[in-house]
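Below is protein_8.cif, holding mmCIF, C-alpha atoms.
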```cif
data_run
loop_
_atom_site.group_PDB
_atom_site.id
_atom_site.type_symbol
_atom_site.label_atom_id
_atom_site.label_comp_id
_atom_site.auth_asym_id
_atom_site.auth_seq_id
_atom_site.Cartn_x
_atom_site.Cartn_y
_atom_site.Cartn_z
ATOM 1 C CA MET O 61 -38.827 -54.359 -6.814
ATOM 2 C CA SER O 62 -38.511 -55.370 -10.452
ATOM 3 C CA LEU O 63 -40.133 -58.401 -11.957
ATOM 4 C CA LYS O 64 -37.997 -61.489 -12.376
ATOM 5 C CA TYR O 65 -36.119 -61.471 -15.713
ATOM 6 C CA SER O 66 -37.192 -57.899 -16.444
ATOM 7 C CA SER O 67 -34.528 -55.403 -17.333
ATOM 8 C CA THR O 68 -34.784 -52.211 -15.342
ATOM 9 C CA THR O 69 -31.824 -49.935 -15.077
ATOM 10 C CA ALA O 70 -31.288 -47.646 -12.126
ATOM 11 C CA ASP O 71 -30.797 -43.995 -13.002
ATOM 12 C CA TYR O 72 -28.596 -41.481 -11.255
ATOM 13 C CA MET O 73 -29.782 -38.318 -9.519
ATOM 14 C CA GLN O 74 -28.424 -34.883 -10.229
ATOM 15 C CA TRP O 75 -26.051 -33.982 -7.388
ATOM 16 C CA ASP O 76 -27.982 -30.904 -6.253
ATOM 17 C CA GLU O 77 -31.232 -32.898 -6.210
ATOM 18 C CA MET O 78 -29.505 -35.525 -4.044
ATOM 19 C CA THR O 79 -28.071 -33.017 -1.542
ATOM 20 C CA ASN O 80 -31.449 -31.242 -1.305
ATOM 21 C CA LEU O 81 -33.138 -34.598 -0.697
ATOM 22 C CA VAL O 82 -30.679 -35.509 2.076
ATOM 23 C CA ARG O 83 -31.379 -32.160 3.773
ATOM 24 C CA ARG O 84 -35.163 -32.477 3.364
ATOM 25 C CA LEU O 85 -35.229 -36.028 4.747
ATOM 26 C CA SER O 86 -33.167 -34.891 7.726
ATOM 27 C CA LYS O 87 -35.428 -31.871 8.293
ATOM 28 C CA ASP O 88 -38.466 -34.173 8.126
ATOM 29 C CA GLY O 89 -36.940 -36.522 10.728
ATOM 30 C CA ASP O 90 -36.169 -39.430 8.380
ATOM 31 C CA TYR O 91 -32.555 -39.705 9.489
ATOM 32 C CA LYS O 92 -32.067 -43.320 8.417
ATOM 33 C CA MET O 93 -32.960 -42.655 4.778
ATOM 34 C CA SER O 94 -31.095 -39.354 4.832
ATOM 35 C CA LEU O 95 -28.005 -41.218 6.038
ATOM 36 C CA LEU O 96 -28.433 -44.032 3.500
ATOM 37 C CA ILE O 97 -28.739 -41.682 0.542
ATOM 38 C CA ALA O 98 -25.855 -39.493 1.725
ATOM 39 C CA VAL O 99 -23.359 -42.325 2.295
ATOM 40 C CA GLY O 100 -24.498 -44.147 -0.837
ATOM 41 C CA CYS O 101 -23.903 -41.108 -3.035
ATOM 42 C CA PHE O 102 -20.704 -39.935 -1.327
ATOM 43 C CA TRP O 103 -19.011 -43.342 -1.198
ATOM 44 C CA GLY O 104 -20.324 -45.248 -4.204
ATOM 45 C CA LEU O 105 -20.566 -48.503 -2.275
ATOM 46 C CA ARG O 106 -22.959 -51.274 -3.235
ATOM 47 C CA ILE O 107 -26.000 -51.505 -0.970
ATOM 48 C CA SER O 108 -24.794 -54.843 0.451
ATOM 49 C CA ASP O 109 -21.626 -53.103 1.667
ATOM 50 C CA ILE O 110 -23.553 -50.151 3.128
ATOM 51 C CA LEU O 111 -25.849 -52.518 5.034
ATOM 52 C CA SER O 112 -22.824 -54.226 6.587
ATOM 53 C CA LEU O 113 -21.454 -50.968 8.069
ATOM 54 C CA HIS O 114 -21.550 -50.365 11.815
ATOM 55 C CA TRP O 115 -21.529 -47.030 13.613
ATOM 56 C CA GLU O 116 -18.104 -47.654 15.145
ATOM 57 C CA THR O 117 -16.659 -47.971 11.619
ATOM 58 C CA ILE O 118 -17.820 -44.562 10.375
ATOM 59 C CA LEU O 119 -18.688 -42.334 13.350
ATOM 60 C CA TYR O 120 -16.072 -39.595 13.958
ATOM 61 C CA MET O 121 -13.688 -41.285 11.509
ATOM 62 C CA ASP O 122 -11.713 -39.593 8.717
ATOM 63 C CA GLU O 123 -11.530 -42.797 6.687
ATOM 64 C CA PHE O 124 -12.256 -46.496 6.943
ATOM 65 C CA THR O 125 -11.651 -49.679 4.996
ATOM 66 C CA VAL O 126 -14.383 -51.992 3.790
ATOM 67 C CA LEU O 127 -14.135 -55.505 2.374
ATOM 68 C CA GLU O 128 -16.495 -55.510 -0.608
ATOM 69 C CA LYS O 129 -18.844 -58.489 -0.480
ATOM 70 C CA LYS O 130 -19.193 -58.928 -4.235
ATOM 71 C CA THR O 131 -15.523 -58.661 -5.199
ATOM 72 C CA GLY O 132 -13.751 -59.648 -1.975
ATOM 73 C CA LYS O 133 -11.478 -56.608 -2.462
ATOM 74 C CA THR O 134 -10.719 -54.029 0.194
ATOM 75 C CA ARG O 135 -11.453 -50.394 -0.425
ATOM 76 C CA THR O 136 -10.485 -47.411 1.696
ATOM 77 C CA ILE O 137 -13.064 -44.635 1.903
ATOM 78 C CA ARG O 138 -12.241 -41.087 2.961
ATOM 79 C CA ILE O 139 -15.098 -39.318 4.739
ATOM 80 C CA ASN O 140 -15.922 -35.800 3.553
ATOM 81 C CA PRO O 141 -15.987 -33.345 6.553
ATOM 82 C CA GLN O 142 -19.575 -32.237 5.814
ATOM 83 C CA LEU O 143 -20.705 -35.846 5.548
ATOM 84 C CA LYS O 144 -18.871 -36.582 8.797
ATOM 85 C CA ARG O 145 -21.022 -33.945 10.538
ATOM 86 C CA HIS O 146 -24.166 -35.390 8.952
ATOM 87 C CA ILE O 147 -23.248 -38.893 10.151
ATOM 88 C CA ALA O 148 -22.802 -37.553 13.712
ATOM 89 C CA GLU O 149 -26.144 -35.716 13.533
ATOM 90 C CA CYS O 150 -27.897 -38.875 12.314
ATOM 91 C CA TYR O 151 -26.265 -40.896 15.093
ATOM 92 C CA GLU O 152 -27.532 -38.433 17.723
ATOM 93 C CA GLN O 153 -31.065 -38.502 16.285
ATOM 94 C CA ILE O 154 -31.311 -42.242 15.563
ATOM 95 C CA LYS O 155 -29.950 -43.159 19.023
ATOM 96 C CA PRO O 156 -28.820 -46.706 18.181
ATOM 97 C CA VAL O 157 -28.642 -49.354 20.915
ATOM 98 C CA SER O 158 -24.846 -49.369 20.715
ATOM 99 C CA ILE O 159 -21.990 -47.855 18.746
ATOM 100 C CA LYS O 160 -21.399 -51.450 17.589
ATOM 101 C CA SER O 161 -24.876 -51.531 15.962
ATOM 102 C CA PRO O 162 -25.338 -51.581 12.194
ATOM 103 C CA ILE O 163 -26.082 -48.109 10.806
ATOM 104 C CA LEU O 164 -29.389 -49.096 9.175
ATOM 105 C CA VAL O 165 -31.657 -51.018 11.527
ATOM 106 C CA SER O 166 -35.443 -51.233 11.129
ATOM 107 C CA GLN O 167 -37.908 -50.514 13.927
ATOM 108 C CA LYS O 168 -38.034 -54.282 14.516
ATOM 109 C CA GLY O 169 -34.302 -54.242 15.247
ATOM 110 C CA THR O 170 -33.266 -56.064 12.066
ATOM 111 C CA ILE O 171 -31.058 -54.838 9.241
ATOM 112 C CA PHE O 172 -33.131 -53.553 6.326
ATOM 113 C CA SER O 173 -33.414 -55.842 3.319
ATOM 114 C CA ILE O 174 -32.434 -54.523 -0.100
ATOM 115 C CA GLN O 175 -36.024 -55.057 -1.265
ATOM 116 C CA ARG O 176 -37.383 -52.989 1.622
ATOM 117 C CA ILE O 177 -34.936 -50.180 0.910
ATOM 118 C CA ASN O 178 -36.002 -50.154 -2.751
ATOM 119 C CA VAL O 179 -39.641 -49.834 -1.657
ATOM 120 C CA LEU O 180 -38.723 -46.950 0.667
ATOM 121 C CA LEU O 181 -36.762 -45.211 -2.107
ATOM 122 C CA LYS O 182 -39.753 -45.454 -4.457
ATOM 123 C CA GLU O 183 -41.954 -43.934 -1.738
ATOM 124 C CA ILE O 184 -39.417 -41.131 -1.277
ATOM 125 C CA LYS O 185 -39.348 -40.529 -5.042
ATOM 126 C CA ALA O 186 -43.122 -40.061 -5.052
ATOM 127 C CA ARG O 187 -43.305 -38.049 -1.806
ATOM 128 C CA TYR O 188 -40.544 -35.601 -2.773
ATOM 129 C CA LYS O 189 -41.424 -35.563 -6.508
ATOM 130 C CA LEU O 190 -37.898 -36.485 -7.580
ATOM 131 C CA LYS O 191 -36.951 -36.120 -11.231
ATOM 132 C CA VAL O 192 -34.934 -39.357 -11.324
ATOM 133 C CA GLN O 193 -36.672 -41.963 -13.498
ATOM 134 C CA ASN O 194 -35.785 -45.415 -12.068
ATOM 135 C CA PHE O 195 -34.826 -44.820 -8.428
ATOM 136 C CA SER O 196 -33.368 -47.723 -6.469
ATOM 137 C CA CYS O 197 -30.418 -48.634 -4.258
ATOM 138 C CA HIS O 198 -28.185 -48.735 -7.299
ATOM 139 C CA SER O 199 -29.077 -45.113 -8.131
ATOM 140 C CA LEU O 200 -26.902 -44.022 -5.206
ATOM 141 C CA ARG O 201 -23.789 -45.695 -6.606
ATOM 142 C CA LYS O 202 -24.503 -44.277 -10.061
ATOM 143 C CA THR O 203 -25.026 -40.792 -8.604
ATOM 144 C CA PHE O 204 -21.563 -41.035 -7.044
ATOM 145 C CA GLY O 205 -20.039 -42.095 -10.368
ATOM 146 C CA ARG O 206 -21.717 -39.349 -12.380
ATOM 147 C CA GLN O 207 -20.669 -36.684 -9.885
ATOM 148 C CA VAL O 208 -17.034 -37.823 -9.908
ATOM 149 C CA TYR O 209 -17.140 -37.800 -13.714
ATOM 150 C CA ASN O 210 -18.830 -34.371 -13.893
ATOM 151 C CA GLN O 211 -16.437 -32.836 -11.351
ATOM 152 C CA ASN O 212 -13.476 -33.978 -13.448
ATOM 153 C CA SER O 213 -14.849 -33.208 -16.918
ATOM 154 C CA GLU O 214 -11.677 -31.325 -17.930
ATOM 155 C CA ASN O 215 -9.854 -34.623 -17.574
ATOM 156 C CA ALA O 216 -12.712 -37.017 -18.325
ATOM 157 C CA GLU O 217 -10.562 -39.979 -19.340
ATOM 158 C CA LEU O 218 -8.617 -39.888 -16.051
ATOM 159 C CA ALA O 219 -11.928 -39.660 -14.147
ATOM 160 C CA LEU O 220 -13.201 -42.720 -16.019
ATOM 161 C CA VAL O 221 -10.017 -44.662 -15.188
ATOM 162 C CA LYS O 222 -10.419 -43.769 -11.478
ATOM 163 C CA LEU O 223 -14.073 -44.811 -11.552
ATOM 164 C CA MET O 224 -13.206 -48.021 -13.385
ATOM 165 C CA GLU O 225 -10.871 -48.908 -10.504
ATOM 166 C CA LEU O 226 -13.327 -47.822 -7.797
ATOM 167 C CA PHE O 227 -16.150 -49.834 -9.370
ATOM 168 C CA ASN O 228 -13.846 -52.769 -10.148
ATOM 169 C CA HIS O 229 -14.844 -52.732 -13.811
ATOM 170 C CA SER O 230 -12.604 -54.519 -16.310
ATOM 171 C CA SER O 231 -12.585 -51.652 -18.836
ATOM 172 C CA VAL O 232 -13.363 -47.958 -19.273
ATOM 173 C CA ALA O 233 -15.993 -48.947 -21.862
ATOM 174 C CA ILE O 234 -17.920 -50.843 -19.160
ATOM 175 C CA THR O 235 -17.698 -47.823 -16.845
ATOM 176 C CA LYS O 236 -18.992 -45.516 -19.594
ATOM 177 C CA ARG O 237 -21.900 -47.843 -20.272
ATOM 178 C CA TYR O 238 -22.579 -48.201 -16.526
ATOM 179 C CA LEU O 239 -22.781 -44.410 -16.109
ATOM 180 C CA GLY O 240 -24.984 -44.026 -19.179
ATOM 181 C CA LEU O 241 -22.307 -42.045 -21.002
ATOM 182 C CA ARG O 242 -22.167 -44.415 -23.942
ATOM 183 C CA GLN O 243 -25.913 -44.100 -24.536
ATOM 184 C CA GLU O 244 -25.632 -40.292 -24.400
ATOM 185 C CA GLU O 245 -22.824 -40.383 -26.985
ATOM 186 C CA ILE O 246 -24.956 -42.552 -29.278
ATOM 187 C CA LEU O 247 -27.985 -40.267 -28.942
ATOM 188 C CA GLN O 248 -25.809 -37.235 -29.738
ATOM 189 C CA ALA O 249 -25.179 -38.758 -33.166
ATOM 190 C CA TYR O 250 -28.865 -38.119 -33.952
ATOM 191 C CA ASP O 251 -28.626 -34.555 -32.662
ATOM 192 C CA SER O 252 -25.710 -33.813 -34.993
ATOM 193 C CA LEU O 253 -27.879 -34.199 -38.094
ATOM 194 C CA SER O 254 -29.743 -31.265 -39.602
ATOM 195 C CA PHE O 255 -32.571 -30.951 -42.103
#
```
Is it possible to give me this structure as structure tokens?
Amino acid sequence: MSLKYSSTTADYMQWDEMTNLVRRLSKDGDYKMSLLIAVGCFWGLRISDILSLHWETILYMDEFTVLEKKTGKTRTIRINPQLKRHIAECYEQIKPVSIKSPILVSQKGTIFSIQRINVLLKEIKARYKLKVQNFSCHSLRKTFGRQVYNQNSENAELALVKLMELFNHSSVAITKRYLGLRQEEILQAYDSLSF
């Protein structure tokens, strides 16, 4: 958890590092965190929206609609077939009380807090020696954005427009800054100089 009034920025993970982490967590029996990281990176939802999901909404579904808490807007999410299998595997291993249960419930039977999830993510970063600098709940959403951008690099501007809409940003410039692209462009100005 960051100190009040401090400015920490979440960083994104490389996609292959994220998929390897999801597999390793699953293999090690940490199905809840494996599920959280997978859905966070595949759907790009804010953590508050992930925590409000219930098994019946996502289990065996091809897509679902979520009402975003922050914006009040609805968003339809399509579930990748591989992720769909992972969700089913996590459901079988987690064995929730009911299909109507929230997907992320602590051992005490309560929904995880955002602060607790951030603590768990920092522990995971240390345990699995992740390369990501500032790892938090928001890293999952940024990982999604960077992967969508990277996968569509031949048409980067269209990818940024799509992400702008998905993230509900008011401009492409905000989306570029959010993904760290603007900072990379600025730093490249230094690299272009020679001695």
Running the PyMOL selection byres ((chain O and resi 178-180) around 9) on this model by hand, what would come out? Give it as a short mmCIF file (atom, residue, chain, number, x, y, z; two decimals) with C-alpha atoms, in the frame of the given file.
```cif
data_model
loop_
_atom_site.label_atom_id
_atom_site.label_comp_id
_atom_site.auth_asym_id
_atom_site.auth_seq_id
_atom_site.Cartn_x
_atom_site.Cartn_y
_atom_site.Cartn_z
CA MET O 61 -38.83 -54.36 -6.81
CA MET O 93 -32.96 -42.66 4.78
CA SER O 173 -33.41 -55.84 3.32
CA ILE O 174 -32.43 -54.52 -0.10
CA GLN O 175 -36.02 -55.06 -1.26
CA ARG O 176 -37.38 -52.99 1.62
CA ILE O 177 -34.94 -50.18 0.91
CA LEU O 181 -36.76 -45.21 -2.11
CA LYS O 182 -39.75 -45.45 -4.46
CA GLU O 183 -41.95 -43.93 -1.74
CA ILE O 184 -39.42 -41.13 -1.28
CA LYS O 185 -39.35 -40.53 -5.04
CA PHE O 195 -34.83 -44.82 -8.43
CA SER O 196 -33.37 -47.72 -6.47
CA CYS O 197 -30.42 -48.63 -4.26
#
```
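The gap separating CA of Lys168 (chain O) from CA of Glu152 (chain O) is 19.3 Å, in Å to one decimal.
For the atom pair formed by CA of Trp115 (chain O) and CA of Ser158 (chain O), the distance is 8.2 Å, given to one decimal.
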Residues near Lys160 (chain O), anyone? I mean within 10 Å using only C-alpha atoms, not counting same-chain ones fewer than 4 positions away, as JSON, numbers by chain. {"O": [113, 114, 115, 116, 117, 156]}
Please indicate the distance in Å from CA of Leu190 (chain O) to CA of Gln74 (chain O), rounded to one decimal place. 10.0 Å
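Comparing O:Ser86, O:Met78, O:Ser112, O:Ile139 by their smallest distance to Val126 (chain O), the closest is O:Ser112 (using all atoms listed in the file).
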Which residues match the PyMOL selection byres ((chain O and resi 101) around 8) in the file above, as number ranges by chain? O: 78, 97-100, 102-104, 200-204
So which residues get picked by the PyMOL selection byres ((chain O and resi 149) around 12) here, written as a PDB file with C-alpha atoms, in the frame of the given file?
```pdb
ATOM      1  CA  ARG O  83     -31.379 -32.160   3.773  1.00  0.00           C
ATOM      2  CA  SER O  86     -33.167 -34.891   7.726  1.00  0.00           C
ATOM      3  CA  LYS O  87     -35.428 -31.871   8.293  1.00  0.00           C
ATOM      4  CA  GLY O  89     -36.940 -36.522  10.728  1.00  0.00           C
ATOM      5  CA  ASP O  90     -36.169 -39.430   8.380  1.00  0.00           C
ATOM      6  CA  TYR O  91     -32.555 -39.705   9.489  1.00  0.00           C
ATOM      7  CA  LYS O  92     -32.067 -43.320   8.417  1.00  0.00           C
ATOM      8  CA  SER O  94     -31.095 -39.354   4.832  1.00  0.00           C
ATOM      9  CA  LEU O  95     -28.005 -41.218   6.038  1.00  0.00           C
ATOM     10  CA  LEU O 119     -18.688 -42.334  13.350  1.00  0.00           C
ATOM     11  CA  TYR O 120     -16.072 -39.595  13.958  1.00  0.00           C
ATOM     12  CA  GLN O 142     -19.575 -32.237   5.814  1.00  0.00           C
ATOM     13  CA  LEU O 143     -20.705 -35.846   5.548  1.00  0.00           C
ATOM     14  CA  LYS O 144     -18.871 -36.582   8.797  1.00  0.00           C
ATOM     15  CA  ARG O 145     -21.022 -33.945  10.538  1.00  0.00           C
ATOM     16  CA  HIS O 146     -24.166 -35.390   8.952  1.00  0.00           C
ATOM     17  CA  ILE O 147     -23.248 -38.893  10.151  1.00  0.00           C
ATOM     18  CA  ALA O 148     -22.802 -37.553  13.712  1.00  0.00           C
ATOM     19  CA  CYS O 150     -27.897 -38.875  12.314  1.00  0.00           C
ATOM     20  CA  TYR O 151     -26.265 -40.896  15.093  1.00  0.00           C
ATOM     21  CA  GLU O 152     -27.532 -38.433  17.723  1.00  0.00           C
ATOM     22  CA  GLN O 153     -31.065 -38.502  16.285  1.00  0.00           C
ATOM     23  CA  ILE O 154     -31.311 -42.242  15.563  1.00  0.00           C
ATOM     24  CA  LYS O 155     -29.950 -43.159  19.023  1.00  0.00           C
TER      25      LYS O 155
END
```
How close does each residue of region 106-222 of chain O get to region 228-240 of chain O, giving the shortest atom pair and distance in Å to one decimal for every residue with an atom at most 7 Å away, counting all atoms listed in the file, sorted by chain and residue number, as a Markdown table?
```
| residue | atom | partner | partner_atom | distance |
| --- | --- | --- | --- | --- |
| O:Lys202 | CA | O:Leu239 | CA | 6.3 |
| O:Gly205 | CA | O:Leu239 | CA | 6.8 |
| O:Arg206 | CA | O:Leu239 | CA | 6.4 |
| O:Leu220 | CA | O:Val232 | CA | 6.2 |
| O:Val221 | CA | O:Val232 | CA | 6.2 |
```
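Proximity ranking of O:Asn215, O:Leu223, O:Phe124, O:Lys191 relative to Asp76 (chain O) places O:Lys191 first, based on all atoms listed in the file.
Comparing the minimum interatomic distances between Tyr209 (chain O) and each of O:Tyr188, O:Asn140, O:Met224, O:Asp122, counting all atoms listed in the file, we find that O:Met224 sits nearest.
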May I have the residues within 8 Å of Ser199 (chain O) as a VMD selection string, using all atoms listed in the file and disregarding those fewer than 4 positions away in the same chain? chain O and resid 70 to 73 194 to 195 203
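For the set O:Leu127, O:Leu111, O:Arg84, O:Ile118, the residue with the smallest atom-to-atom gap to Thr170 (chain O) is O:Leu111, counting all atoms listed in the file.
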With N, CA, C and O atoms as the target, complete region 179-197 of chain O and hand it back as a tab-separated table (two decimals), in the coordinates of the input.
```tsv
chain	number	residue	atom	x	y	z
O	179	VAL	N	-38.26	-50.29	-1.86
O	179	VAL	CA	-39.64	-49.83	-1.66
O	179	VAL	C	-39.63	-48.44	-1.02
O	179	VAL	O	-40.35	-47.53	-1.46
O	180	LEU	N	-38.81	-48.25	0.00
O	180	LEU	CA	-38.72	-46.95	0.67
O	180	LEU	C	-38.24	-45.86	-0.29
O	180	LEU	O	-38.74	-44.73	-0.26
O	181	LEU	N	-37.27	-46.20	-1.14
O	181	LEU	CA	-36.76	-45.21	-2.11
O	181	LEU	C	-37.86	-44.82	-3.11
O	181	LEU	O	-37.96	-43.65	-3.48
O	182	LYS	N	-38.66	-45.77	-3.53
O	182	LYS	CA	-39.75	-45.45	-4.46
O	182	LYS	C	-40.79	-44.55	-3.77
O	182	LYS	O	-41.34	-43.64	-4.39
O	183	GLU	N	-41.04	-44.80	-2.49
O	183	GLU	CA	-41.95	-43.93	-1.74
O	183	GLU	C	-41.38	-42.52	-1.62
O	183	GLU	O	-42.11	-41.54	-1.75
O	184	ILE	N	-40.09	-42.44	-1.37
O	184	ILE	CA	-39.42	-41.13	-1.28
O	184	ILE	C	-39.49	-40.40	-2.62
O	184	ILE	O	-39.74	-39.20	-2.67
O	185	LYS	N	-39.27	-41.13	-3.70
O	185	LYS	CA	-39.35	-40.53	-5.04
O	185	LYS	C	-40.71	-39.88	-5.26
O	185	LYS	O	-40.82	-38.75	-5.73
O	186	ALA	N	-41.77	-40.59	-4.89
O	186	ALA	CA	-43.12	-40.06	-5.05
O	186	ALA	C	-43.38	-38.89	-4.09
O	186	ALA	O	-43.89	-37.84	-4.50
O	187	ARG	N	-43.03	-39.07	-2.82
O	187	ARG	CA	-43.30	-38.05	-1.81
O	187	ARG	C	-42.59	-36.74	-2.10
O	187	ARG	O	-43.15	-35.65	-1.94
O	188	TYR	N	-41.34	-36.81	-2.54
O	188	TYR	CA	-40.54	-35.60	-2.77
O	188	TYR	C	-40.51	-35.19	-4.25
O	188	TYR	O	-39.77	-34.29	-4.61
O	189	LYS	N	-41.31	-35.88	-5.08
O	189	LYS	CA	-41.42	-35.56	-6.51
O	189	LYS	C	-40.06	-35.44	-7.19
O	189	LYS	O	-39.75	-34.45	-7.84
O	190	LEU	N	-39.24	-36.48	-7.00
O	190	LEU	CA	-37.90	-36.48	-7.58
O	190	LEU	C	-37.96	-36.65	-9.09
O	190	LEU	O	-38.84	-37.34	-9.61
O	191	LYS	N	-37.01	-36.06	-9.77
O	191	LYS	CA	-36.95	-36.12	-11.23
O	191	LYS	C	-36.34	-37.42	-11.74
O	191	LYS	O	-36.53	-37.78	-12.89
O	192	VAL	N	-35.61	-38.13	-10.91
O	192	VAL	CA	-34.93	-39.36	-11.32
O	192	VAL	C	-35.98	-40.38	-11.77
O	192	VAL	O	-37.01	-40.55	-11.12
O	193	GLN	N	-35.71	-41.03	-12.90
O	193	GLN	CA	-36.67	-41.96	-13.50
O	193	GLN	C	-36.79	-43.26	-12.67
O	193	GLN	O	-37.77	-43.50	-12.02
O	194	ASN	N	-35.80	-44.12	-12.77
O	194	ASN	CA	-35.78	-45.42	-12.07
O	194	ASN	C	-34.90	-45.28	-10.83
O	194	ASN	O	-33.69	-45.33	-10.91
O	195	PHE	N	-35.54	-45.10	-9.68
O	195	PHE	CA	-34.83	-44.82	-8.43
O	195	PHE	C	-34.78	-46.07	-7.57
O	195	PHE	O	-35.81	-46.61	-7.18
O	196	SER	N	-33.56	-46.54	-7.30
O	196	SER	CA	-33.37	-47.72	-6.47
O	196	SER	C	-32.03	-47.60	-5.75
O	196	SER	O	-31.32	-46.61	-5.91
O	197	CYS	N	-31.69	-48.62	-4.99
O	197	CYS	CA	-30.42	-48.63	-4.26
O	197	CYS	C	-29.24	-48.34	-5.18
O	197	CYS	O	-28.31	-47.63	-4.81
```
